[in-house]
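Reading through the structure tokens given below for one structure.
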Protein chains: 2
Amino acid sequence: MLEPALYLIPVTLGDTPIDQVLPAYNRQVVLGIRYFIVENVRSARRFLKNVEPSIDIDSLHFSELNQHTDRRLIDAYLDPLRQGEAVGIISEAGCPAVADPGADVVALAQCASLRVVPLVGPSSIILSVMASGFNGQSFAFHGYLPIDEGQRIQRLKQLEARVYSEDQTQLFIETPYRNLKMMQTLLQVLRPSTHLSLAADITCPDESIHTRTVSEWKRLLSAARSDEDRQRLVPRCPAIFLIYK
Amino acid sequence: MLEPALYLIPVTLGDTPIDQVLPAYNRQVVLGIRYFIVENVRSARRFLKNVEPSIDIDSLHFSELNQHTDRRLIDAYLDPLRQGEAVGIISEAGCPAVADPGADVVALAQCASLRVVPLVGPSSIILSVMASGFNGQSFAFHGYLPIDEGQRIQRLKQLEARVYSEDQTQLFIETPYRNLKMMQTLLQVLRPSTHLSLAADITCPDESIHTRTVSEWKRLLSAARSDEDRQRLVPRCPAIFLIYK
């Protein structure tokens with residue numbers, strides 16, 4: 001019998017086998033839960049089928065939580081937990097409540113003194129800090145940067161200044177099809193000696209994590225002769241950008 | 001046959017069963033490696049025996065990397081990889097190269113364009129962000145804060161200001177026996193309405209992750225009548241402190 005709690009259930013990043021990135025224990029926990037809060041019911045069902053092909057999906061309850069969900073409904077999603085049933089939040093990719101709406105439910109659970117149990121899974125943030133060689137004793141993740149070009153450049157200069165003044169690694173993300181544009185902006189704005197790491201497709205078959213100075217990236221990109229070559233350097237897939245001195 | 005690379009191998013946080021926090025795939029990788037870079041040979045051997053009791057420890061090579069290691073020796077630790085052999089870095093706790101000397105080796109590997117592959121494991125940083133209910137789209141980990149009381153208070157005020165000005169979750173750690181002292185400083189320095197999460201013994205049997213406002217923590221702590229009661233609220237064990245609005 002699973003202890004009643006709000007379990008935070010990570011999923012794979014992309015089409016990676018479950019055993020590669022999730023502990024066996026997560027499977028046990030998942031199979032003990034009947035109430036799920038999910039960003040997308042269809043992909044959550046697919047994940048559960050993947051965890052256990054014989055799972056009886058129809059006996060499970062799904063509550064959808066995304067940007068369209070009325071915030072006033074969310075509190076009721078925790079009613080089963082108040083009545084002694086385990087509830088799980090399943091992420092769309094990676095760890096729930098890090099870069100998705102799950103955090104709102106967790107905040108409500110904490111506010112109501114309900115037990116919250118996070119499970120281990122792939123976090124592209126931590127994996128990229130590990131593999132970059134950058135400072136892991138001090139780092140900041142900023143999500144997406146401003147879209148407006150002027151604001152973005154200003155923000156990048158501020159983050160780079162913090163690399164030097166606080167000895168802090170800076171991380172941010174971009175929509176995959178804009179990765180190359182982001183890289184070009186970075187190479188324009190940052191100092192030539194600043195280190196830039198691009199961690200793409202983490203835990204997936206095409207994983208690539210490369211740390212170079214800004215001037216080395218410039219050299220590599222200007223030597224690329226075709227779009228294909230440029231895409232090999234800056235893939236059009238989920239990626240994290242990291243900067244450090 | 002394992003692809004030659006520098007594998008970053010997380011371990012459990014405390015005496016947790018391996019299956020609870022490490023994917024089965026990590027075991028496969030570990031068993032394919034003969035060259036290890038470790039912070040402490042004895043605990044690395046214990047971890048490997050735990051992963052596979054029948055492992056032939058004497059056939060493995062260990063290079064020690066800690067604050068006493070001469071930085072000039074480290075580059076040679078990567079020689080087996082240059083010769084086509086997989087090399088592993090084993091952490092003392094949690095994920096290597098996040099809050100330990102492993103990052104120096106990773107930086108050397110990246111600089112030499114050697115492949116670096118991070119494996120999934122328990123990160124108290126990510127797990128505590130998930131379970132706090134705080135903003136996971138923007139957060140900063142700061143390691144230990146200054147020891148000097150005046151500097152520490154100044155730093156805390158700076159971090160709290162950033163919570164409000166940048167909508168950013170702030171994380172830091174303390175030596176376990178000083179957790180209560182840290183909590184008392186926090187309750188003195190921070191605004192009553194600021195939220196403070198204490199995530200202790202993450203993934204271990206006594207795991208506790210509680211988010212309260214500063215004024216609620218004050219009330220709880222002043223109601224505690226004995227040292228035992230206070231320790232129940234602020235355990236003397238590995239913990240992360242998080243603040244957010």
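Residues are referred to by chain and number: the chain letter is A, B, ... according to the order shown in the structure tokens, the number counts from 1 in that chain, and ligands are numbered separately from 1 in the order shown.
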Inset, instruction - Kindly provide, as a ChimeraX atom specification, the residues of chain B having any atom no farther than 8 Å from an atom of chain A, counting only C-alpha atoms. - result: /B:8,19-26,95-100,103-108,110-111,113,115-123,126-143,203,209-212
Inset, instruction - Go through region 91-230 of chain B and collect every residue that DSSP, computed from the backbone, puts in strand (DSSP E); the answer should be as number ranges by chain. - result: B: 116-118, 139-144, 169-173, 195-200, 208-213
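Note that CA of Ala86 (chain A) and CA of Leu2 (chain A) are 6.9 Å apart.
All residues in region 86-135 of chain B with a DSSP state of alpha helix (DSSP H), computed from the backbone, read Gly102, Ala103, Asp104, Val105, Val106, Ala107, Leu108, Ala109, Gln110, Cys111, Ser124, Ile125, Ile126, Leu127, Ser128, Val129, Met130, Ala131 and Ser132 of chain B.
Residues in contact with Ile240 (chain A) at up to 6 Å, not including ones fewer than 4 positions away on its chain and judged by only C-alpha atoms, are Phe172, Ile173, Leu198 and Ala199 of chain A.
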Inset, instruction - Could you tell me which of B:Asp227, B:Val189, B:Cys204, B:Ala44 comes closest to Leu13 (chain B) if we count only C-alpha atoms? - result: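 The shortest atom-to-atom distance to Leu13 (chain B) comes from B:Cys204.
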Inset, instruction - Counting only C-alpha atoms, figure out which residue out of B:Gln158, B:Gln83, B:Gln231, B:Ser215 gets nearest to Pro4 (chain B). - result: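 For Pro4 (chain B), the nearest of the candidates is B:Gln83.
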Legend entry - Spatial neighbours of Glu174 (chain B), 8 Å, only C-alpha atoms, chain gap at least 4 places, as a ChimeraX atom specification: /B:144-145,178-179,182,238-240
